[in-house]
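The next block holds one structure in the form of structure tokens; read it before the comments.
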Amino acid sequence: MPFYKCFNLLTIFLVLAATPILSSSEQLSTKFLDIAKTPEVFDWMVKIRRKIHENPELAYGEFETSKVIREELDKMGIPYKHPVAVTGVIGFIGTGTSPFVALRADMDALPIQEMVEWEHKSKVPGKMHACGHDAHVTMLLGAAKILKQHEKEIQGTIVLVFQPAEEGGAGAKKILDGGALENVTAIFGLHAVPNVPVGLVASRSGPILAGSGFFEAIINGKGGHAAIPQLTIDPIIAASNVIISLQHLVSREADPLEPTVVTVSKFQGGGAFNVIPDYATIGGTFRGFSKNGMEQLKQRIEQVIIGQAGVNRCNVTVNFFDEVSPMNPPTVNNDELHKHFQNVAGNLLGVDKVINMPPFMGAEDFAFYQEVIPGYFFMLGMKYASLEPFQSLHSPYLRINEDGLPYGAALHASLATTYLIKIKQ
Ligand SMILES: *[C@@H]1O[C@H](CO)[C@@H](O)[C@H](O)[C@H]1NC(C)=O
Ligand SMILES: *[C@@H]1O[C@H](CO)[C@@H](O)[C@H](O)[C@H]1NC(C)=O
Ligand SMILES: [Zn+2]
Ligand SMILES: [Zn+2]
């Protein structure tokens, strides 16, 4: 064999050796993204997202949204449980037997008046999908459509969790209390973010979002004429002292190396310039990354409010909303699932599109799942490129880029399918 021929063969051999043979799960992921981008799936998702966006519903009131979900599942022939946690829907794709892996989407909107003028603006005054949960529902339905087409390749059961009341209603906890996720061995969730470009994702292993609690205090004094303070007990001064003292919990009591937030975001009292009111109301939120630290902080918030109000001769009732809005644990990502996510997202999007993000003080009720099931939460880029500066989640000006929908749908589908393949091995 002449040398040049041998050289050619060698080149071919080297090229072949350098091209990794795509594993079946990698091929599946790429296929899922291609399918999600076809007009059949993409246009359908856009339509659903806009329909839900036009009709936002608040926590535990997601009846129409729930109905849209069930109608779509019915059309696809996907069985589901309903109602779970009032409006929740839990769908099943695959063999119907173990292992089980769950994908979660939250359904609720916010009490915000939408300020974006566009064709599909919220039709409900004072309510808006300002946290992107309309897109979350849509992308999970998108994943369902893709997965149903590949049901024979699913080596176990994928559990679709459409959850109510993420915004302070602990819907995740209510879903868990229903027992529907009993045999699930991993759960994935995502959040659309308006500051990361489409095609990029961001997350990290370990703590990613803070634990969060809410409090409110009604500080009772004795109202009277503003010119005769000696005959009154002034609740405004008492509340002011309480607010200042609460700040010392962070500056003087918390470990400076432990991220902690106490914010008094509500302060109401009085109405006239010449009247000292009977009472004043304050309220706010507290955040941290350790569950024990959060319990202690909660205790100290109560002590400071009662003690400081007492110094000012006021009585006080403190409410932590344990029933309607229990304390949200910190969101902590499982390390094994982090590696799985990096593999799947890296293959699907390119490793340079998978960002390692620092933790931040926002909160997610996805954390309730992670307390009992290994879980993984990540941010999905849905930046609306022409909107500068970008508008944050919970802004009445929020716009999200629908071009991100196929990425969320494909990631959901791929994460679950390849997870089941992986644990079977
Ligand atoms: C979980 O598995 C156990 C044992 O196989 C079974 O009895 C139970 O019904 C399962 N729960 C759910 C919600 O599927
Ligand atoms: C506080 O509560 C005590 C006991 O109920 C009551 O006697 C007192 O008047 C209350 N003070 C105020 C400022 O409401
Ligand atoms: Zn939100
Ligand atoms: Zn949200």
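Each chain in the structure tokens gets a letter, A, B, ..., in the order shown, and its residues are numbered from 1; ligands are numbered from 1 in order too.
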**Request:** With only C-alpha atoms and all ligand atoms counted, collect every polymer residue having an atom within 7 Å of ligand 3; state the result as a ChimeraX atom specification.
**Result:** /A:131,167,393-394
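By chain and then residue number, the residues within 8 Å of Arg70 of chain A are Ser66, Lys67, Leu73, Asp74, Tyr80 and Val89 of chain A, counting only C-alpha atoms and disregarding those fewer than 3 positions away in sequence.
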Create the file for the chosen residues now, containing N, CA and C atoms and written as an mmCIF file, in the first residue's frame.
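Writing the result to part-v3.cif gives the following:
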data_model
loop_
_atom_site.group_PDB
_atom_site.id
_atom_site.type_symbol
_atom_site.label_atom_id
_atom_site.label_comp_id
_atom_site.auth_asym_id
_atom_site.auth_seq_id
_atom_site.Cartn_x
_atom_site.Cartn_y
_atom_site.Cartn_z
ATOM 1 N N SER A 66 -56.185 24.835 34.896
ATOM 2 C CA SER A 66 -56.237 23.403 35.141
ATOM 3 C C SER A 66 -57.068 22.702 34.060
ATOM 4 N N LYS A 67 -58.146 23.375 33.652
ATOM 5 C CA LYS A 67 -59.013 22.799 32.626
ATOM 6 C C LYS A 67 -58.292 22.735 31.270
ATOM 7 N N LEU A 73 -54.173 17.190 27.857
ATOM 8 C CA LEU A 73 -53.766 15.824 28.212
ATOM 9 C C LEU A 73 -54.750 14.815 27.624
ATOM 10 N N ASP A 74 -56.053 15.156 27.700
ATOM 11 C CA ASP A 74 -57.075 14.276 27.113
ATOM 12 C C ASP A 74 -56.817 14.065 25.624
ATOM 13 N N TYR A 80 -54.334 11.068 33.901
ATOM 14 C CA TYR A 80 -53.925 11.975 34.977
ATOM 15 C C TYR A 80 -54.835 11.836 36.193
ATOM 16 N N VAL A 89 -52.991 18.992 38.737
ATOM 17 C CA VAL A 89 -53.180 17.867 37.819
ATOM 18 C C VAL A 89 -51.869 17.079 37.790
#
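Between atom CA of Ala367 of chain A and atom CA of Asn55 of chain A lies a distance of 27.2 Å.
Selecting helix (DSSP H, G or I) from the backbone DSSP output for segment 244-303 of chain A yields A:Ile244, A:Ser245, A:Leu246, A:Gln247, A:His248, A:Leu249, A:Val250, A:Ser251, A:Arg252, A:Glu253, A:Lys291, A:Asn292, A:Gly293, A:Met294, A:Glu295, A:Gln296, A:Leu297, A:Lys298, A:Gln299, A:Arg300, A:Ile301, A:Glu302, A:Gln303.
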List all protein, DNA and RNA residues that have any atom at most 9 Å from ligand 2, counting only C-alpha atoms and all ligand atoms, and write the list as a PDB file with C-alpha atoms, in the first residue's frame.
ATOM      1  CA  ILE A 219     -49.436  46.936  67.026  1.00  0.00           C
ATOM      2  CA  ASN A 220     -52.234  48.197  69.246  1.00  0.00           C
ATOM      3  CA  GLY A 221     -52.004  51.467  71.132  1.00  0.00           C
ATOM      4  CA  LYS A 222     -54.622  54.022  72.053  1.00  0.00           C
ATOM      5  CA  THR A 232     -52.610  58.394  73.866  1.00  0.00           C
ATOM      6  CA  ILE A 233     -50.373  55.370  73.349  1.00  0.00           C
ATOM      7  CA  ASP A 234     -48.787  56.037  69.969  1.00  0.00           C
ATOM      8  CA  PRO A 235     -48.588  52.855  67.828  1.00  0.00           C
ATOM      9  CA  ASP A 278     -55.385  53.147  67.508  1.00  0.00           C
ATOM     10  CA  TYR A 279     -53.064  50.747  65.745  1.00  0.00           C
ATOM     11  CA  ARG A 313     -46.792  50.303  76.094  1.00  0.00           C
ATOM     12  CA  CYS A 314     -48.438  48.672  73.081  1.00  0.00           C
ATOM     13  CA  ASN A 315     -49.952  45.216  72.724  1.00  0.00           C
ATOM     14  CA  VAL A 316     -49.253  43.264  69.609  1.00  0.00           C
TER      15      VAL A 316
END
